[in-house]
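Worksheet: one structure, shown below.
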Amino acid sequence: MHLEDIRIFVTIVNMGSFTAAAEHLSLSKQFVSRRMAALEKKVSARLLVRNTRKLSVTDTGQAFFHHARRILEEVHEAEQVISARQQKLAGSFRISLPMTYGIRRLAPLIVEFQAAHPELTVHIDMNDRYVDVVGEGYDMVLRIGNLMDSTLIARCLGKLPMVICASPDYLRLHGTPLAPSELAQHSCLLYGREGQFGWKLTEENSPNTYAVRGNLSSNNGDVIREAAEAGAGIALLPLFIVEDSLQQGALVQILSDYSPPPLTISALYPKHRQRSAVTRILLPFLAERIAGIVDPIKKT
């Protein structure tokens, strides 16, 4: 059994599709499919089931996934120990993180990275504005969503799945839309710049943009989540913002057959920083860790 096959399998489950996993790993979809066929032959069991609408993980696949992820974590820890011994990182590193995702997911990863390289001094700045990377002295910024044109080098670190959801009270009072075309008759909560121009949804590989309307918009996902929980309308938000609310029943996922495109999380840094030892080691560390914490959406 090849370690790379295990890594591909875990990435497929985390990303929710062969295509997304292939893009994330910079591999062809055909290669990913062949390696999964080889892995299933090796373990003599079906791990994944694909059809035209979605990817399903079998019970055996779920059990294998938990063990496989633990294997990859142990291999990663071993690699980190070796890397830290072979190359000591020192000096200072200034990084800007997006507010909500930075607090919940990214900052703990940066703290873990610094702990593995104690001679490195790291300054973490949390904000959602577009910072002047060079002018303000940042070594790297991490941003979610569409990127502005710039002279910075950009590297995709992962994809963040999106969810359409509303509170049970809102759905009880206003009904549950069964198709995206019905969203125009509902109050929608508009998140970020993308929310101002309609919601992009895909069914069976056919993407469309649907008009939405609403009286509340915000560039902060927690504001939109709280409004949705209060029954103010229907929200389209990243899964990491609403996963606790979904599990607790404060929000309910709707239109699950219509897939919103995931948000991209990217690292941006100046050209003169691409040869930096910190940059070269930090980027794959973040990409692997982010892939490991993106849980597949459990559709109902």
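Letters for chains follow the order of the structure tokens (A, B, ...), residue numbers begin at 1 for each chain, and ligand numbers begin at 1 in the order shown.
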
Self-check item: All strand (DSSP E or B) positions in segment 61-293 of chain A, as number ranges by chain
Solution: A: 91-97, 120-126, 140-144, 153-160, 162-166, 187-191, 199-203, 206-210, 213-218, 234-238, 252-253, 259, 263-269

Quiz prompt | Near-segment 137-148 of chain A list (9 Å; only C-alpha atoms; drop same-chain fewer than 3 positions) as an NGL selection string | solution = :A and (93-98 or 101-102 or 106 or 128 or 130-134 or 154 or 160 or 194 or 262-270 or 273 or 279)

Quiz prompt | For Ser181 of chain A, the nearest of the candidates A:Leu48, A:Leu120, A:Leu237, A:Leu255, counting only C-alpha atoms | solution = A:Leu255

Quiz prompt | Residues near Val223 of chain A, cut-off 12 Å, only C-alpha atoms, skip fewer than 4 positions along chain, as a ChimeraX atom specification | solution = /A:100,189-192,216-219,227-230,232,235,237,241-242

Quiz item: Which neighbours of Ala21 of chain A fall inside 10 Å, counting only C-alpha atoms, when residues of the same chain fewer than 6 positions from it are skipped, and could you give them as a count of residues only?
Solution: 15

Helix (DSSP H, G or I) per DSSP on the backbone: members of segment 168-232 of chain A, as an mmCIF file with all heavy atoms, in the first residue's frame:
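Here's the written file result_22.cif:
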```cif
data_model
loop_
_atom_site.group_PDB
_atom_site.id
_atom_site.type_symbol
_atom_site.label_atom_id
_atom_site.label_comp_id
_atom_site.auth_asym_id
_atom_site.auth_seq_id
_atom_site.Cartn_x
_atom_site.Cartn_y
_atom_site.Cartn_z
ATOM 1 N N PRO A 168 -34.853 26.912 11.792
ATOM 2 C CA PRO A 168 -36.135 26.192 11.736
ATOM 3 C C PRO A 168 -37.330 27.135 11.821
ATOM 4 O O PRO A 168 -38.348 26.913 11.157
ATOM 5 C CB PRO A 168 -36.058 25.254 12.941
ATOM 6 C CG PRO A 168 -34.592 25.061 13.186
ATOM 7 C CD PRO A 168 -33.956 26.361 12.831
ATOM 8 N N ASP A 169 -37.225 28.203 12.635
ATOM 9 C CA ASP A 169 -38.335 29.145 12.768
ATOM 10 C C ASP A 169 -38.609 29.862 11.453
ATOM 11 O O ASP A 169 -39.774 30.061 11.068
ATOM 12 C CB ASP A 169 -38.041 30.173 13.867
ATOM 13 C CG ASP A 169 -38.145 29.578 15.261
ATOM 14 O OD1 ASP A 169 -38.755 28.496 15.398
ATOM 15 O OD2 ASP A 169 -37.606 30.182 16.210
ATOM 16 N N TYR A 170 -37.538 30.282 10.760
ATOM 17 C CA TYR A 170 -37.742 30.970 9.484
ATOM 18 C C TYR A 170 -38.434 30.036 8.487
ATOM 19 O O TYR A 170 -39.379 30.440 7.798
ATOM 20 C CB TYR A 170 -36.410 31.453 8.907
ATOM 21 C CG TYR A 170 -36.580 32.107 7.551
ATOM 22 C CD1 TYR A 170 -36.828 33.466 7.436
ATOM 23 C CD2 TYR A 170 -36.535 31.345 6.378
ATOM 24 C CE1 TYR A 170 -37.026 34.060 6.194
ATOM 25 C CE2 TYR A 170 -36.732 31.931 5.136
ATOM 26 C CZ TYR A 170 -36.969 33.292 5.052
ATOM 27 O OH TYR A 170 -37.176 33.865 3.814
ATOM 28 N N LEU A 171 -37.973 28.810 8.406
ATOM 29 C CA LEU A 171 -38.553 27.868 7.452
ATOM 30 C C LEU A 171 -39.991 27.530 7.816
ATOM 31 O O LEU A 171 -40.827 27.310 6.927
ATOM 32 C CB LEU A 171 -37.697 26.599 7.403
ATOM 33 C CG LEU A 171 -36.244 26.805 6.936
ATOM 34 C CD1 LEU A 171 -35.464 25.500 7.026
ATOM 35 C CD2 LEU A 171 -36.191 27.352 5.517
ATOM 36 N N ARG A 172 -40.297 27.498 9.103
ATOM 37 C CA ARG A 172 -41.659 27.212 9.534
ATOM 38 C C ARG A 172 -42.601 28.347 9.135
ATOM 39 O O ARG A 172 -43.744 28.110 8.720
ATOM 40 C CB ARG A 172 -41.673 27.020 11.058
ATOM 41 C CG ARG A 172 -42.989 26.458 11.599
ATOM 42 C CD ARG A 172 -42.910 26.250 13.098
ATOM 43 N NE ARG A 172 -41.800 25.375 13.459
ATOM 44 C CZ ARG A 172 -40.726 25.757 14.136
ATOM 45 N NH1 ARG A 172 -40.616 27.019 14.536
ATOM 46 N NH2 ARG A 172 -39.758 24.915 14.418
ATOM 47 N N LEU A 173 -42.127 29.574 9.229
ATOM 48 C CA LEU A 173 -42.968 30.731 8.920
ATOM 49 C C LEU A 173 -43.068 31.014 7.420
ATOM 50 O O LEU A 173 -44.123 31.422 6.924
ATOM 51 C CB LEU A 173 -42.411 31.979 9.625
ATOM 52 C CG LEU A 173 -42.581 32.043 11.148
ATOM 53 C CD1 LEU A 173 -41.840 33.242 11.708
ATOM 54 C CD2 LEU A 173 -44.065 32.122 11.511
ATOM 55 N N HIS A 174 -41.968 30.797 6.706
ATOM 56 C CA HIS A 174 -41.909 31.233 5.304
ATOM 57 C C HIS A 174 -41.823 30.079 4.310
ATOM 58 O O HIS A 174 -41.854 30.308 3.102
ATOM 59 C CB HIS A 174 -40.706 32.163 5.105
ATOM 60 C CG HIS A 174 -40.728 33.367 5.998
ATOM 61 N ND1 HIS A 174 -41.509 34.469 5.750
ATOM 62 C CD2 HIS A 174 -40.070 33.624 7.163
ATOM 63 C CE1 HIS A 174 -41.325 35.367 6.703
ATOM 64 N NE2 HIS A 174 -40.453 34.879 7.574
ATOM 65 N N PRO A 180 -33.555 26.694 -6.396
ATOM 66 C CA PRO A 180 -32.914 28.007 -6.261
ATOM 67 C C PRO A 180 -33.753 29.154 -6.799
ATOM 68 O O PRO A 180 -33.656 30.279 -6.306
ATOM 69 C CB PRO A 180 -31.622 27.842 -7.070
ATOM 70 C CG PRO A 180 -31.337 26.385 -7.048
ATOM 71 C CD PRO A 180 -32.678 25.723 -7.086
ATOM 72 N N SER A 181 -34.600 28.881 -7.804
ATOM 73 C CA SER A 181 -35.438 29.940 -8.365
ATOM 74 C C SER A 181 -36.401 30.515 -7.326
ATOM 75 O O SER A 181 -36.863 31.653 -7.463
ATOM 76 C CB SER A 181 -36.217 29.407 -9.566
ATOM 77 O OG SER A 181 -37.020 28.298 -9.190
ATOM 78 N N GLU A 182 -36.700 29.749 -6.278
ATOM 79 C CA GLU A 182 -37.611 30.210 -5.237
ATOM 80 C C GLU A 182 -36.949 31.162 -4.237
ATOM 81 O O GLU A 182 -37.631 31.792 -3.424
ATOM 82 C CB GLU A 182 -38.199 29.013 -4.489
ATOM 83 C CG GLU A 182 -39.026 28.078 -5.370
ATOM 84 C CD GLU A 182 -39.543 26.870 -4.606
ATOM 85 O OE1 GLU A 182 -39.581 26.938 -3.359
ATOM 86 O OE2 GLU A 182 -39.898 25.862 -5.246
ATOM 87 N N LEU A 183 -35.605 31.282 -4.310
ATOM 88 C CA LEU A 183 -34.905 32.166 -3.379
ATOM 89 C C LEU A 183 -35.322 33.619 -3.555
ATOM 90 O O LEU A 183 -35.270 34.410 -2.608
ATOM 91 C CB LEU A 183 -33.389 32.040 -3.571
ATOM 92 C CG LEU A 183 -32.756 30.723 -3.114
ATOM 93 C CD1 LEU A 183 -31.314 30.633 -3.596
ATOM 94 C CD2 LEU A 183 -32.811 30.605 -1.590
ATOM 95 N N ALA A 184 -35.731 33.990 -4.772
ATOM 96 C CA ALA A 184 -36.121 35.377 -5.035
ATOM 97 C C ALA A 184 -37.336 35.791 -4.219
ATOM 98 O O ALA A 184 -37.575 36.988 -4.010
ATOM 99 C CB ALA A 184 -36.399 35.561 -6.529
ATOM 100 N N GLN A 185 -38.125 34.816 -3.744
ATOM 101 C CA GLN A 185 -39.300 35.128 -2.934
ATOM 102 C C GLN A 185 -39.001 35.125 -1.435
ATOM 103 O O GLN A 185 -39.897 35.286 -0.613
ATOM 104 C CB GLN A 185 -40.427 34.121 -3.216
ATOM 105 C CG GLN A 185 -41.218 34.393 -4.491
ATOM 106 C CD GLN A 185 -40.419 34.096 -5.734
ATOM 107 O OE1 GLN A 185 -39.916 32.973 -5.878
ATOM 108 N NE2 GLN A 185 -40.303 35.068 -6.628
ATOM 109 N N GLU A 194 -19.421 38.684 -2.898
ATOM 110 C CA GLU A 194 -20.069 37.724 -3.780
ATOM 111 C C GLU A 194 -21.586 37.723 -3.599
ATOM 112 O O GLU A 194 -22.338 37.510 -4.542
ATOM 113 C CB GLU A 194 -19.516 36.313 -3.552
ATOM 114 C CG GLU A 194 -18.062 36.110 -3.985
ATOM 115 C CD GLU A 194 -17.051 36.624 -2.976
ATOM 116 O OE1 GLU A 194 -17.479 37.135 -1.927
ATOM 117 O OE2 GLU A 194 -15.847 36.541 -3.245
ATOM 118 N N GLY A 195 -22.043 37.983 -2.371
ATOM 119 C CA GLY A 195 -23.462 37.939 -2.098
ATOM 120 C C GLY A 195 -24.260 39.044 -2.755
ATOM 121 O O GLY A 195 -25.487 38.951 -2.868
ATOM 122 N N GLN A 196 -23.587 40.101 -3.212
ATOM 123 C CA GLN A 196 -24.295 41.224 -3.801
ATOM 124 C C GLN A 196 -24.718 40.968 -5.247
ATOM 125 O O GLN A 196 -25.534 41.713 -5.796
ATOM 126 C CB GLN A 196 -23.401 42.476 -3.747
ATOM 127 C CG GLN A 196 -22.725 42.736 -2.412
ATOM 128 C CD GLN A 196 -23.688 42.907 -1.275
ATOM 129 O OE1 GLN A 196 -24.710 43.564 -1.416
ATOM 130 N NE2 GLN A 196 -23.386 42.309 -0.132
ATOM 131 N N PHE A 197 -24.183 39.957 -5.884
ATOM 132 C CA PHE A 197 -24.415 39.752 -7.317
ATOM 133 C C PHE A 197 -25.134 38.437 -7.617
ATOM 134 O O PHE A 197 -25.063 37.920 -8.717
ATOM 135 C CB PHE A 197 -23.074 39.790 -8.060
ATOM 136 C CG PHE A 197 -22.294 41.050 -7.809
ATOM 137 C CD1 PHE A 197 -21.202 41.039 -6.961
ATOM 138 C CD2 PHE A 197 -22.680 42.244 -8.390
ATOM 139 C CE1 PHE A 197 -20.489 42.212 -6.709
ATOM 140 C CE2 PHE A 197 -21.968 43.412 -8.155
ATOM 141 C CZ PHE A 197 -20.873 43.395 -7.301
ATOM 142 N N GLY A 221 -18.917 36.888 8.443
ATOM 143 C CA GLY A 221 -19.770 35.707 8.433
ATOM 144 C C GLY A 221 -20.494 35.455 9.732
ATOM 145 O O GLY A 221 -21.626 34.944 9.739
ATOM 146 N N ASP A 222 -19.894 35.811 10.866
ATOM 147 C CA ASP A 222 -20.558 35.588 12.145
ATOM 148 C C ASP A 222 -21.792 36.475 12.293
ATOM 149 O O ASP A 222 -22.783 36.073 12.916
ATOM 150 C CB ASP A 222 -19.575 35.838 13.298
ATOM 151 C CG ASP A 222 -18.642 34.655 13.524
ATOM 152 O OD1 ASP A 222 -19.102 33.510 13.359
ATOM 153 O OD2 ASP A 222 -17.472 34.875 13.848
ATOM 154 N N VAL A 223 -21.725 37.676 11.722
ATOM 155 C CA VAL A 223 -22.896 38.559 11.753
ATOM 156 C C VAL A 223 -24.047 37.917 10.984
ATOM 157 O O VAL A 223 -25.200 37.889 11.450
ATOM 158 C CB VAL A 223 -22.550 39.938 11.158
ATOM 159 C CG1 VAL A 223 -23.813 40.783 10.980
ATOM 160 C CG2 VAL A 223 -21.549 40.673 12.034
ATOM 161 N N ILE A 224 -23.738 37.385 9.795
ATOM 162 C CA ILE A 224 -24.765 36.734 8.976
ATOM 163 C C ILE A 224 -25.289 35.484 9.673
ATOM 164 O O ILE A 224 -26.494 35.202 9.668
ATOM 165 C CB ILE A 224 -24.208 36.388 7.593
ATOM 166 C CG1 ILE A 224 -23.774 37.662 6.857
ATOM 167 C CG2 ILE A 224 -25.222 35.617 6.769
ATOM 168 C CD1 ILE A 224 -24.903 38.628 6.577
ATOM 169 N N ARG A 225 -24.405 34.716 10.292
ATOM 170 C CA ARG A 225 -24.834 33.503 11.005
ATOM 171 C C ARG A 225 -25.800 33.840 12.136
ATOM 172 O O ARG A 225 -26.843 33.183 12.293
ATOM 173 C CB ARG A 225 -23.617 32.767 11.564
ATOM 174 C CG ARG A 225 -23.987 31.560 12.434
ATOM 175 C CD ARG A 225 -22.764 30.965 13.110
ATOM 176 N NE ARG A 225 -22.001 31.950 13.855
ATOM 177 C CZ ARG A 225 -22.349 32.438 15.043
ATOM 178 N NH1 ARG A 225 -23.477 32.031 15.636
ATOM 179 N NH2 ARG A 225 -21.585 33.335 15.650
ATOM 180 N N GLU A 226 -25.466 34.844 12.925
ATOM 181 C CA GLU A 226 -26.332 35.223 14.040
ATOM 182 C C GLU A 226 -27.686 35.712 13.534
ATOM 183 O O GLU A 226 -28.734 35.411 14.144
ATOM 184 C CB GLU A 226 -25.646 36.298 14.885
ATOM 185 C CG GLU A 226 -24.438 35.768 15.661
ATOM 186 C CD GLU A 226 -23.788 36.829 16.521
ATOM 187 O OE1 GLU A 226 -24.343 37.954 16.580
ATOM 188 O OE2 GLU A 226 -22.744 36.548 17.134
ATOM 189 N N ALA A 227 -27.678 36.446 12.416
ATOM 190 C CA ALA A 227 -28.945 36.912 11.842
ATOM 191 C C ALA A 227 -29.777 35.727 11.361
ATOM 192 O O ALA A 227 -31.002 35.692 11.550
ATOM 193 C CB ALA A 227 -28.675 37.879 10.695
ATOM 194 N N ALA A 228 -29.118 34.740 10.753
ATOM 195 C CA ALA A 228 -29.830 33.550 10.288
ATOM 196 C C ALA A 228 -30.417 32.778 11.467
ATOM 197 O O ALA A 228 -31.567 32.317 11.417
ATOM 198 C CB ALA A 228 -28.899 32.666 9.475
ATOM 199 N N GLU A 229 -29.646 32.632 12.528
ATOM 200 C CA GLU A 229 -30.148 31.927 13.705
ATOM 201 C C GLU A 229 -31.348 32.658 14.321
ATOM 202 O O GLU A 229 -32.240 32.027 14.894
ATOM 203 C CB GLU A 229 -29.035 31.791 14.750
ATOM 204 C CG GLU A 229 -27.933 30.825 14.353
ATOM 205 C CD GLU A 229 -26.865 30.698 15.427
ATOM 206 O OE1 GLU A 229 -26.998 31.371 16.465
ATOM 207 O OE2 GLU A 229 -25.901 29.940 15.227
#
```

Quiz item: Counting only C-alpha atoms, what is within 12 Å of Pro261 of chain A, bar same-chain residues fewer than 2 positions away, as JSON, numbers by chain?
Solution: {"A": [15, 16, 20, 145, 146, 159, 160, 161, 162, 163, 164, 194, 199, 200, 201, 202, 203, 205, 206, 207, 208, 209, 236, 237, 238, 239, 258, 259, 263, 264]}

Quiz item: Leaving out Gly91 of chain A and any residue of its chain fewer than 2 positions from it, which residues lie within 12 Å of it when counting only C-alpha atoms, given as an MDAnalysis selection string?
Solution: chainID A and resid 88:89 93:94 114 117:123 139 276:278

Quiz item: What does the distance from atom CA of His24 of chain A to atom CA of Arg7 of chain A come to in Å, to one decimal?
Solution: 11.7 Å

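Coordinates place atom CA of Gln248 of chain A at a distance of 26.1 Å from atom CA of Gly61 of chain A.
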
Exercise. Could you check how far atom CA of Thr176 of chain A sits from atom CA of Ile234 of chain A, in Å to one decimal?
Key: 9.7 Å

Residues near Leu39 of chain A, cut-off 9 Å, only C-alpha atoms, skip fewer than 6 positions along chain, as a PDB file with C-alpha atoms, in the first residue's frame:
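Saved file around24.pdb follows:
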```
ATOM      1  CA  MET A   1       0.000   0.000   0.000  1.00  0.00           C
ATOM      2  CA  HIS A   2       1.464   3.349  -1.055  1.00  0.00           C
ATOM      3  CA  ASP A   5      -2.562   6.583  -2.308  1.00  0.00           C
ATOM      4  CA  ILE A   6      -3.621   7.051   1.317  1.00  0.00           C
ATOM      5  CA  PHE A   9      -7.935   9.061  -0.542  1.00  0.00           C
ATOM      6  CA  ALA A  45     -13.100  -3.337  -0.469  1.00  0.00           C
ATOM      7  CA  LEU A  47     -14.229   2.725  -0.217  1.00  0.00           C
TER       8      LEU A  47
END
```
